[in-house]
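To be precise, the following lines are model_34.cif, and they hold mmCIF, N, CA and C atoms.
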data_upload
#
loop_
_atom_site.label_atom_id
_atom_site.label_comp_id
_atom_site.auth_asym_id
_atom_site.auth_seq_id
_atom_site.Cartn_x
_atom_site.Cartn_y
_atom_site.Cartn_z
N MET U 229 -60.81 36.70 40.54
CA MET U 229 -59.49 36.60 41.09
C MET U 229 -58.80 37.95 40.92
N ALA U 230 -58.13 38.43 41.94
CA ALA U 230 -57.40 39.69 41.84
C ALA U 230 -55.94 39.46 42.21
N LEU U 231 -55.06 40.03 41.44
CA LEU U 231 -53.63 39.95 41.70
C LEU U 231 -53.14 41.33 42.07
N LEU U 232 -53.04 41.60 43.37
CA LEU U 232 -52.52 42.87 43.87
C LEU U 232 -53.03 44.07 43.08
N GLY U 233 -54.32 44.25 43.06
CA GLY U 233 -54.89 45.42 42.42
C GLY U 233 -55.29 45.22 40.98
N HIS U 234 -54.91 44.11 40.37
CA HIS U 234 -55.31 43.83 38.99
C HIS U 234 -56.46 42.83 39.02
N ALA U 235 -57.57 43.19 38.44
CA ALA U 235 -58.69 42.26 38.34
C ALA U 235 -58.43 41.32 37.17
N VAL U 236 -58.55 40.03 37.43
CA VAL U 236 -58.33 39.02 36.40
C VAL U 236 -59.58 38.16 36.33
N ASP U 237 -60.19 38.09 35.17
CA ASP U 237 -61.35 37.24 34.97
C ASP U 237 -60.85 35.81 34.82
N PHE U 238 -61.24 34.94 35.73
CA PHE U 238 -60.71 33.59 35.77
C PHE U 238 -61.76 32.58 35.36
N GLN U 239 -61.45 31.79 34.36
CA GLN U 239 -62.30 30.69 33.93
C GLN U 239 -61.48 29.42 34.07
N ASP U 240 -61.93 28.49 34.88
CA ASP U 240 -61.20 27.26 35.15
C ASP U 240 -61.50 26.21 34.08
N TYR U 241 -60.58 26.06 33.13
CA TYR U 241 -60.75 25.09 32.05
C TYR U 241 -60.09 23.75 32.36
N PHE U 242 -59.37 23.67 33.46
CA PHE U 242 -58.63 22.44 33.73
C PHE U 242 -59.50 21.19 33.84
N PRO U 243 -60.65 21.23 34.52
CA PRO U 243 -61.47 20.01 34.59
C PRO U 243 -61.89 19.50 33.20
N SER U 244 -62.28 20.41 32.31
CA SER U 244 -62.68 19.96 30.98
C SER U 244 -61.47 19.49 30.17
N MET U 245 -60.31 20.11 30.40
CA MET U 245 -59.10 19.63 29.74
C MET U 245 -58.75 18.22 30.21
N LEU U 246 -58.84 17.99 31.51
CA LEU U 246 -58.54 16.67 32.06
C LEU U 246 -59.50 15.63 31.49
N GLU U 247 -60.76 16.00 31.41
CA GLU U 247 -61.77 15.08 30.87
C GLU U 247 -61.48 14.76 29.40
N GLY U 248 -61.14 15.78 28.63
CA GLY U 248 -60.91 15.60 27.20
C GLY U 248 -59.59 14.94 26.86
N LEU U 249 -58.53 15.26 27.62
CA LEU U 249 -57.19 14.75 27.31
C LEU U 249 -56.85 13.46 28.05
N GLY U 250 -57.58 13.17 29.12
CA GLY U 250 -57.20 12.05 29.97
C GLY U 250 -56.07 12.50 30.89
N SER U 251 -55.78 11.69 31.89
CA SER U 251 -54.81 12.12 32.90
C SER U 251 -53.40 12.30 32.32
N GLN U 252 -52.96 11.38 31.49
CA GLN U 252 -51.61 11.51 30.92
C GLN U 252 -51.51 12.71 29.98
N GLY U 253 -52.49 12.90 29.13
CA GLY U 253 -52.48 14.04 28.22
C GLY U 253 -52.53 15.36 28.96
N PHE U 254 -53.33 15.40 30.03
CA PHE U 254 -53.42 16.62 30.83
C PHE U 254 -52.09 16.94 31.49
N MET U 255 -51.44 15.94 32.07
CA MET U 255 -50.14 16.16 32.71
C MET U 255 -49.10 16.60 31.68
N MET U 256 -49.17 16.06 30.47
CA MET U 256 -48.25 16.50 29.42
C MET U 256 -48.48 17.98 29.10
N GLU U 257 -49.73 18.42 29.07
CA GLU U 257 -50.03 19.83 28.82
C GLU U 257 -49.54 20.73 29.95
N LEU U 258 -49.68 20.28 31.20
CA LEU U 258 -49.14 21.05 32.31
C LEU U 258 -47.62 21.18 32.17
N CYS U 259 -46.97 20.10 31.81
CA CYS U 259 -45.52 20.13 31.62
C CYS U 259 -45.13 21.04 30.46
N ASN U 260 -45.93 21.06 29.40
CA ASN U 260 -45.68 21.99 28.30
C ASN U 260 -45.80 23.44 28.77
N GLY U 261 -46.78 23.71 29.61
CA GLY U 261 -46.94 25.05 30.16
C GLY U 261 -45.74 25.45 31.01
N PHE U 262 -45.25 24.50 31.78
CA PHE U 262 -44.06 24.76 32.59
C PHE U 262 -42.87 25.11 31.69
N ARG U 263 -42.66 24.31 30.66
CA ARG U 263 -41.52 24.55 29.76
C ARG U 263 -41.63 25.89 29.05
N LEU U 264 -42.84 26.33 28.80
CA LEU U 264 -43.06 27.62 28.15
C LEU U 264 -42.55 28.78 29.03
N LEU U 265 -42.65 28.63 30.34
CA LEU U 265 -42.29 29.69 31.27
C LEU U 265 -40.92 29.53 31.90
N MET U 266 -40.30 28.39 31.74
CA MET U 266 -39.06 28.12 32.46
C MET U 266 -37.83 28.76 31.81
N ASP U 267 -36.81 28.89 32.62
CA ASP U 267 -35.48 29.28 32.16
C ASP U 267 -34.83 28.01 31.63
N CYS U 268 -34.54 27.99 30.34
CA CYS U 268 -34.04 26.76 29.70
C CYS U 268 -32.70 26.30 30.27
N ASP U 269 -31.87 27.22 30.72
CA ASP U 269 -30.58 26.85 31.28
C ASP U 269 -30.72 26.23 32.67
N LYS U 270 -31.67 26.72 33.45
CA LYS U 270 -31.83 26.25 34.83
C LYS U 270 -32.88 25.16 34.98
N GLY U 271 -33.78 25.04 34.01
CA GLY U 271 -34.84 24.05 34.11
C GLY U 271 -35.87 24.39 35.18
N LEU U 272 -35.96 25.67 35.53
CA LEU U 272 -36.87 26.16 36.56
C LEU U 272 -37.55 27.43 36.07
N ILE U 273 -38.70 27.75 36.65
CA ILE U 273 -39.30 29.05 36.41
C ILE U 273 -38.67 30.00 37.42
N THR U 274 -37.96 30.97 36.92
CA THR U 274 -37.30 31.96 37.76
C THR U 274 -38.01 33.30 37.61
N PHE U 275 -37.65 34.26 38.44
CA PHE U 275 -38.21 35.59 38.30
C PHE U 275 -37.95 36.12 36.90
N GLU U 276 -36.73 35.96 36.42
CA GLU U 276 -36.35 36.47 35.11
C GLU U 276 -37.13 35.79 33.99
N SER U 277 -37.28 34.47 34.06
CA SER U 277 -38.01 33.78 32.99
C SER U 277 -39.49 34.12 33.03
N LEU U 278 -40.04 34.28 34.22
CA LEU U 278 -41.44 34.66 34.35
C LEU U 278 -41.65 36.07 33.80
N LYS U 279 -40.77 36.98 34.15
CA LYS U 279 -40.87 38.36 33.66
C LYS U 279 -40.76 38.40 32.13
N ARG U 280 -39.87 37.60 31.58
CA ARG U 280 -39.65 37.57 30.13
C ARG U 280 -40.85 36.97 29.40
N ASN U 281 -41.53 36.00 30.00
CA ASN U 281 -42.59 35.25 29.32
C ASN U 281 -44.00 35.61 29.78
N ILE U 282 -44.14 36.58 30.67
CA ILE U 282 -45.45 36.92 31.22
C ILE U 282 -46.44 37.38 30.15
N VAL U 283 -45.92 37.92 29.06
CA VAL U 283 -46.79 38.36 27.96
C VAL U 283 -47.57 37.19 27.38
N LEU U 284 -47.01 35.99 27.45
CA LEU U 284 -47.69 34.80 26.95
C LEU U 284 -48.96 34.50 27.75
N LEU U 285 -48.99 34.99 28.99
CA LEU U 285 -50.16 34.79 29.84
C LEU U 285 -51.13 35.97 29.78
N GLY U 286 -50.76 36.98 29.00
CA GLY U 286 -51.60 38.17 28.90
C GLY U 286 -51.53 39.05 30.13
N LEU U 287 -50.46 38.92 30.91
CA LEU U 287 -50.33 39.66 32.16
C LEU U 287 -49.13 40.61 32.15
N GLN U 288 -48.84 41.18 31.00
CA GLN U 288 -47.66 42.02 30.84
C GLN U 288 -47.68 43.28 31.69
N GLU U 289 -48.81 43.64 32.24
CA GLU U 289 -48.91 44.84 33.08
C GLU U 289 -48.52 44.58 34.53
N MET U 290 -48.19 43.35 34.87
CA MET U 290 -47.86 43.04 36.26
C MET U 290 -46.53 43.68 36.68
N ARG U 291 -46.52 44.13 37.93
CA ARG U 291 -45.31 44.72 38.50
C ARG U 291 -44.38 43.62 39.00
N ASP U 292 -43.14 44.00 39.21
CA ASP U 292 -42.15 43.03 39.70
C ASP U 292 -42.56 42.41 41.03
N ASP U 293 -43.11 43.20 41.94
CA ASP U 293 -43.51 42.66 43.25
C ASP U 293 -44.64 41.64 43.10
N GLU U 294 -45.49 41.82 42.10
CA GLU U 294 -46.57 40.86 41.84
C GLU U 294 -46.00 39.55 41.29
N LEU U 295 -44.98 39.66 40.45
CA LEU U 295 -44.33 38.46 39.91
C LEU U 295 -43.64 37.69 41.03
N VAL U 296 -43.02 38.42 41.96
CA VAL U 296 -42.37 37.77 43.10
C VAL U 296 -43.42 37.02 43.93
N CYS U 297 -44.58 37.63 44.12
CA CYS U 297 -45.67 36.96 44.86
C CYS U 297 -46.11 35.69 44.14
N MET U 298 -46.19 35.74 42.82
CA MET U 298 -46.55 34.54 42.05
C MET U 298 -45.52 33.43 42.27
N LEU U 299 -44.26 33.80 42.23
CA LEU U 299 -43.20 32.81 42.46
C LEU U 299 -43.29 32.23 43.87
N MET U 300 -43.50 33.09 44.85
CA MET U 300 -43.57 32.63 46.24
C MET U 300 -44.74 31.67 46.45
N GLU U 301 -45.83 31.91 45.74
CA GLU U 301 -47.01 31.04 45.86
C GLU U 301 -46.70 29.60 45.47
N GLY U 302 -45.85 29.44 44.46
CA GLY U 302 -45.54 28.09 43.97
C GLY U 302 -44.25 27.51 44.47
N ASP U 303 -43.40 28.31 45.08
CA ASP U 303 -42.08 27.87 45.52
C ASP U 303 -42.18 27.16 46.86
N LEU U 304 -42.35 25.86 46.82
CA LEU U 304 -42.56 25.08 48.04
C LEU U 304 -41.28 24.80 48.81
N ASP U 305 -40.14 24.76 48.12
CA ASP U 305 -38.89 24.43 48.81
C ASP U 305 -38.06 25.65 49.18
N GLY U 306 -38.56 26.85 48.85
CA GLY U 306 -37.90 28.08 49.27
C GLY U 306 -36.63 28.44 48.52
N ASP U 307 -36.43 27.87 47.33
CA ASP U 307 -35.21 28.17 46.58
C ASP U 307 -35.35 29.39 45.66
N GLY U 308 -36.52 30.03 45.67
CA GLY U 308 -36.72 31.24 44.87
C GLY U 308 -37.14 30.97 43.44
N ALA U 309 -37.39 29.73 43.09
CA ALA U 309 -37.81 29.35 41.74
C ALA U 309 -38.86 28.25 41.85
N ILE U 310 -39.49 27.94 40.72
CA ILE U 310 -40.53 26.91 40.69
C ILE U 310 -40.06 25.76 39.81
N SER U 311 -40.01 24.58 40.39
CA SER U 311 -39.66 23.37 39.64
C SER U 311 -40.90 22.86 38.91
N GLN U 312 -40.70 21.88 38.06
CA GLN U 312 -41.84 21.31 37.32
C GLN U 312 -42.86 20.71 38.29
N MET U 313 -42.40 20.00 39.30
CA MET U 313 -43.33 19.41 40.27
C MET U 313 -44.09 20.50 41.03
N GLU U 314 -43.38 21.55 41.46
CA GLU U 314 -44.03 22.65 42.16
C GLU U 314 -45.06 23.33 41.26
N PHE U 315 -44.74 23.48 39.99
CA PHE U 315 -45.67 24.08 39.03
C PHE U 315 -46.95 23.26 38.93
N CYS U 316 -46.80 21.95 38.78
CA CYS U 316 -47.98 21.09 38.65
C CYS U 316 -48.82 21.12 39.92
N ILE U 317 -48.18 21.11 41.08
CA ILE U 317 -48.90 21.20 42.34
C ILE U 317 -49.65 22.53 42.42
N LEU U 318 -48.98 23.60 42.03
CA LEU U 318 -49.61 24.92 42.06
C LEU U 318 -50.82 24.97 41.14
N MET U 319 -50.71 24.41 39.95
CA MET U 319 -51.84 24.43 39.02
C MET U 319 -53.03 23.67 39.59
N PHE U 320 -52.79 22.56 40.26
CA PHE U 320 -53.88 21.83 40.90
C PHE U 320 -54.49 22.65 42.03
N ARG U 321 -53.65 23.28 42.84
CA ARG U 321 -54.15 24.08 43.97
C ARG U 321 -54.97 25.27 43.49
N LEU U 322 -54.62 25.85 42.36
CA LEU U 322 -55.31 27.05 41.87
C LEU U 322 -56.57 26.74 41.07
N SER U 323 -56.84 25.47 40.81
CA SER U 323 -58.02 25.09 40.04
C SER U 323 -59.12 24.57 40.97
N PRO U 324 -60.16 25.37 41.20
CA PRO U 324 -61.25 24.90 42.07
C PRO U 324 -61.86 23.59 41.57
N GLY U 325 -62.00 23.47 40.25
CA GLY U 325 -62.59 22.26 39.69
C GLY U 325 -61.74 21.03 39.90
N LEU U 326 -60.43 21.17 39.79
CA LEU U 326 -59.54 20.03 40.03
C LEU U 326 -59.51 19.67 41.50
N MET U 327 -59.53 20.68 42.36
CA MET U 327 -59.51 20.41 43.80
C MET U 327 -60.78 19.68 44.24
N ASP U 328 -61.91 20.01 43.62
CA ASP U 328 -63.17 19.33 43.97
C ASP U 328 -63.09 17.84 43.66
N GLY U 329 -62.45 17.48 42.57
CA GLY U 329 -62.35 16.07 42.19
C GLY U 329 -60.96 15.52 42.40
N SER U 330 -60.17 16.15 43.29
CA SER U 330 -58.76 15.81 43.40
C SER U 330 -58.51 14.37 43.84
N LYS U 331 -59.31 13.83 44.73
CA LYS U 331 -59.06 12.46 45.19
C LYS U 331 -59.14 11.49 44.02
N GLN U 332 -60.16 11.64 43.20
CA GLN U 332 -60.33 10.77 42.03
C GLN U 332 -59.16 10.93 41.07
N TRP U 333 -58.76 12.18 40.77
CA TRP U 333 -57.70 12.41 39.79
C TRP U 333 -56.33 12.03 40.33
N VAL U 334 -56.11 12.22 41.63
CA VAL U 334 -54.83 11.81 42.22
C VAL U 334 -54.70 10.29 42.13
N GLU U 335 -55.78 9.59 42.40
CA GLU U 335 -55.74 8.13 42.28
C GLU U 335 -55.46 7.72 40.84
N GLU U 336 -56.08 8.40 39.88
CA GLU U 336 -55.87 8.08 38.47
C GLU U 336 -54.43 8.41 38.04
N LEU U 337 -53.91 9.52 38.55
CA LEU U 337 -52.56 9.95 38.16
C LEU U 337 -51.45 9.27 38.95
N SER U 338 -51.79 8.62 40.03
CA SER U 338 -50.76 8.08 40.93
C SER U 338 -49.84 7.07 40.24
N GLY U 339 -50.29 6.44 39.20
CA GLY U 339 -49.45 5.51 38.46
C GLY U 339 -48.65 6.15 37.35
N ASN U 340 -48.86 7.45 37.09
CA ASN U 340 -48.18 8.17 36.01
C ASN U 340 -47.09 9.06 36.58
N GLU U 341 -45.95 9.08 35.92
CA GLU U 341 -44.88 9.99 36.30
C GLU U 341 -45.10 11.32 35.64
N ILE U 342 -44.73 12.38 36.33
CA ILE U 342 -44.85 13.73 35.77
C ILE U 342 -43.64 14.01 34.93
#
Render the structure in this file as structure tokens.
Amino acid sequence: MALLGHAVDFQDYFPSMLEGLGSQGFMMELCNGFRLLMDCDKGLITFESLKRNIVLLGLQEMRDDELVCMLMEGDLDGDGAISQMEFCILMFRLSPGLMDGSKQWVEELSGNEI
């Protein structure tokens, strides 16, 4: 995976996390990841909160335009920020392993609230 000139070695651990934690535990971990990156006052991942917390992802060398691209990738409603639901959708979309088994996992998760 490359992010605008930065090579990133990507290992998809989500399928094994889902298997080990179960659907509810996995969704709780996704929500924890969202909270780690969000702006606590707004309840959203904003450019500012992402820039402030990017070191937690080991991506502190990213430029502002790359962070904007990351936000745009997950911002489904066009408000310039990522909500918890948008974050979870983005994580599923970015995981090849989850997408391969998505029908099964969506059915399993359909009874659980995020």
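With CA of Glu314 (chain U) on one side and CA of Leu258 (chain U) on the other, the separation reads 11.2 Å.
Atom to atom, CA of Met255 (chain U) and atom C of Gln312 (chain U) stand 10.2 Å apart.
Take the candidates U:Phe242, U:Gly248, U:Gly253, U:Phe315 and check each one against Glu301 (chain U) using only C-alpha atoms; the shortest distance goes to U:Phe315.
Between atom N of Ser244 (chain U) and atom C of Ser323 (chain U) the interatomic distance comes to 10.1 Å.
Of the residues listed (U:Phe254, U:Met245, U:Ala309, U:Asp303), U:Ala309 shows the shortest atom-to-atom separation from Phe275 (chain U); distances use only C-alpha atoms.
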Completion of region 272-283 of chain U up to all heavy atoms, as a PDB file, in the frame of the given file:
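New file rebuild_9.pdb:
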ATOM      1  N   LEU U 272     -35.960  25.670  35.530  1.00  0.00           N
ATOM      2  CA  LEU U 272     -36.870  26.160  36.560  1.00  0.00           C
ATOM      3  C   LEU U 272     -37.550  27.430  36.070  1.00  0.00           C
ATOM      4  O   LEU U 272     -37.018  28.135  35.207  1.00  0.00           O
ATOM      5  CB  LEU U 272     -36.092  26.516  37.839  1.00  0.00           C
ATOM      6  CG  LEU U 272     -35.305  25.411  38.526  1.00  0.00           C
ATOM      7  CD1 LEU U 272     -34.363  26.018  39.555  1.00  0.00           C
ATOM      8  CD2 LEU U 272     -36.248  24.410  39.173  1.00  0.00           C
ATOM      9  N   ILE U 273     -38.700  27.750  36.650  1.00  0.00           N
ATOM     10  CA  ILE U 273     -39.300  29.050  36.410  1.00  0.00           C
ATOM     11  C   ILE U 273     -38.670  30.000  37.420  1.00  0.00           C
ATOM     12  O   ILE U 273     -38.811  29.806  38.637  1.00  0.00           O
ATOM     13  CB  ILE U 273     -40.832  29.022  36.571  1.00  0.00           C
ATOM     14  CG1 ILE U 273     -41.465  28.109  35.517  1.00  0.00           C
ATOM     15  CG2 ILE U 273     -41.407  30.434  36.459  1.00  0.00           C
ATOM     16  CD1 ILE U 273     -42.965  27.900  35.684  1.00  0.00           C
ATOM     17  N   THR U 274     -37.960  30.970  36.920  1.00  0.00           N
ATOM     18  CA  THR U 274     -37.300  31.960  37.760  1.00  0.00           C
ATOM     19  C   THR U 274     -38.010  33.300  37.610  1.00  0.00           C
ATOM     20  O   THR U 274     -38.851  33.466  36.719  1.00  0.00           O
ATOM     21  CB  THR U 274     -35.832  32.134  37.339  1.00  0.00           C
ATOM     22  OG1 THR U 274     -35.806  32.646  35.994  1.00  0.00           O
ATOM     23  CG2 THR U 274     -35.065  30.812  37.413  1.00  0.00           C
ATOM     24  N   PHE U 275     -37.650  34.260  38.440  1.00  0.00           N
ATOM     25  CA  PHE U 275     -38.210  35.590  38.300  1.00  0.00           C
ATOM     26  C   PHE U 275     -37.950  36.120  36.900  1.00  0.00           C
ATOM     27  O   PHE U 275     -38.854  36.649  36.251  1.00  0.00           O
ATOM     28  CB  PHE U 275     -37.614  36.546  39.353  1.00  0.00           C
ATOM     29  CG  PHE U 275     -38.013  37.976  39.125  1.00  0.00           C
ATOM     30  CD1 PHE U 275     -39.266  38.418  39.498  1.00  0.00           C
ATOM     31  CD2 PHE U 275     -37.143  38.861  38.514  1.00  0.00           C
ATOM     32  CE1 PHE U 275     -39.655  39.733  39.267  1.00  0.00           C
ATOM     33  CE2 PHE U 275     -37.512  40.178  38.279  1.00  0.00           C
ATOM     34  CZ  PHE U 275     -38.772  40.607  38.664  1.00  0.00           C
ATOM     35  N   GLU U 276     -36.730  35.960  36.420  1.00  0.00           N
ATOM     36  CA  GLU U 276     -36.350  36.470  35.110  1.00  0.00           C
ATOM     37  C   GLU U 276     -37.130  35.790  33.990  1.00  0.00           C
ATOM     38  O   GLU U 276     -37.598  36.461  33.063  1.00  0.00           O
ATOM     39  CB  GLU U 276     -34.849  36.305  34.884  1.00  0.00           C
ATOM     40  CG  GLU U 276     -33.981  37.155  35.789  1.00  0.00           C
ATOM     41  CD  GLU U 276     -33.816  36.579  37.200  1.00  0.00           C
ATOM     42  OE1 GLU U 276     -34.121  35.389  37.427  1.00  0.00           O
ATOM     43  OE2 GLU U 276     -33.389  37.348  38.086  1.00  0.00           O
ATOM     44  N   SER U 277     -37.280  34.470  34.060  1.00  0.00           N
ATOM     45  CA  SER U 277     -38.010  33.780  32.990  1.00  0.00           C
ATOM     46  C   SER U 277     -39.490  34.120  33.030  1.00  0.00           C
ATOM     47  O   SER U 277     -40.132  34.256  31.989  1.00  0.00           O
ATOM     48  CB  SER U 277     -37.785  32.266  33.063  1.00  0.00           C
ATOM     49  OG  SER U 277     -38.436  31.675  34.175  1.00  0.00           O
ATOM     50  N   LEU U 278     -40.040  34.280  34.220  1.00  0.00           N
ATOM     51  CA  LEU U 278     -41.440  34.660  34.350  1.00  0.00           C
ATOM     52  C   LEU U 278     -41.650  36.070  33.800  1.00  0.00           C
ATOM     53  O   LEU U 278     -42.585  36.312  33.030  1.00  0.00           O
ATOM     54  CB  LEU U 278     -41.886  34.583  35.806  1.00  0.00           C
ATOM     55  CG  LEU U 278     -43.366  34.745  36.092  1.00  0.00           C
ATOM     56  CD1 LEU U 278     -44.209  33.726  35.338  1.00  0.00           C
ATOM     57  CD2 LEU U 278     -43.631  34.636  37.581  1.00  0.00           C
ATOM     58  N   LYS U 279     -40.770  36.980  34.150  1.00  0.00           N
ATOM     59  CA  LYS U 279     -40.870  38.360  33.660  1.00  0.00           C
ATOM     60  C   LYS U 279     -40.760  38.400  32.130  1.00  0.00           C
ATOM     61  O   LYS U 279     -41.491  39.123  31.469  1.00  0.00           O
ATOM     62  CB  LYS U 279     -39.790  39.220  34.303  1.00  0.00           C
ATOM     63  CG  LYS U 279     -39.908  40.687  33.961  1.00  0.00           C
ATOM     64  CD  LYS U 279     -38.929  41.508  34.780  1.00  0.00           C
ATOM     65  CE  LYS U 279     -38.989  42.955  34.407  1.00  0.00           C
ATOM     66  NZ  LYS U 279     -39.844  43.727  35.279  1.00  0.00           N
ATOM     67  N   ARG U 280     -39.870  37.600  31.580  1.00  0.00           N
ATOM     68  CA  ARG U 280     -39.650  37.570  30.130  1.00  0.00           C
ATOM     69  C   ARG U 280     -40.850  36.970  29.400  1.00  0.00           C
ATOM     70  O   ARG U 280     -41.193  37.383  28.299  1.00  0.00           O
ATOM     71  CB  ARG U 280     -38.383  36.749  29.853  1.00  0.00           C
ATOM     72  CG  ARG U 280     -37.943  36.695  28.424  1.00  0.00           C
ATOM     73  CD  ARG U 280     -36.595  35.995  28.255  1.00  0.00           C
ATOM     74  NE  ARG U 280     -36.511  34.692  28.910  1.00  0.00           N
ATOM     75  CZ  ARG U 280     -35.743  34.426  29.986  1.00  0.00           C
ATOM     76  NH1 ARG U 280     -35.004  35.370  30.544  1.00  0.00           N
ATOM     77  NH2 ARG U 280     -35.729  33.217  30.510  1.00  0.00           N
ATOM     78  N   ASN U 281     -41.530  36.000  30.000  1.00  0.00           N
ATOM     79  CA  ASN U 281     -42.590  35.250  29.320  1.00  0.00           C
ATOM     80  C   ASN U 281     -44.000  35.610  29.780  1.00  0.00           C
ATOM     81  O   ASN U 281     -44.960  35.011  29.293  1.00  0.00           O
ATOM     82  CB  ASN U 281     -42.362  33.756  29.513  1.00  0.00           C
ATOM     83  CG  ASN U 281     -41.095  33.296  28.847  1.00  0.00           C
ATOM     84  OD1 ASN U 281     -40.870  33.557  27.672  1.00  0.00           O
ATOM     85  ND2 ASN U 281     -40.236  32.619  29.592  1.00  0.00           N
ATOM     86  N   ILE U 282     -44.140  36.580  30.670  1.00  0.00           N
ATOM     87  CA  ILE U 282     -45.450  36.920  31.220  1.00  0.00           C
ATOM     88  C   ILE U 282     -46.440  37.380  30.150  1.00  0.00           C
ATOM     89  O   ILE U 282     -47.640  37.205  30.285  1.00  0.00           O
ATOM     90  CB  ILE U 282     -45.301  37.962  32.354  1.00  0.00           C
ATOM     91  CG1 ILE U 282     -46.541  37.974  33.242  1.00  0.00           C
ATOM     92  CG2 ILE U 282     -45.043  39.341  31.804  1.00  0.00           C
ATOM     93  CD1 ILE U 282     -46.649  36.796  34.137  1.00  0.00           C
ATOM     94  N   VAL U 283     -45.920  37.920  29.060  1.00  0.00           N
ATOM     95  CA  VAL U 283     -46.790  38.360  27.960  1.00  0.00           C
ATOM     96  C   VAL U 283     -47.570  37.190  27.380  1.00  0.00           C
ATOM     97  O   VAL U 283     -48.697  37.353  26.920  1.00  0.00           O
ATOM     98  CB  VAL U 283     -45.974  39.114  26.881  1.00  0.00           C
ATOM     99  CG1 VAL U 283     -45.062  38.179  26.112  1.00  0.00           C
ATOM    100  CG2 VAL U 283     -46.893  39.851  25.936  1.00  0.00           C
TER     101      VAL U 283
END
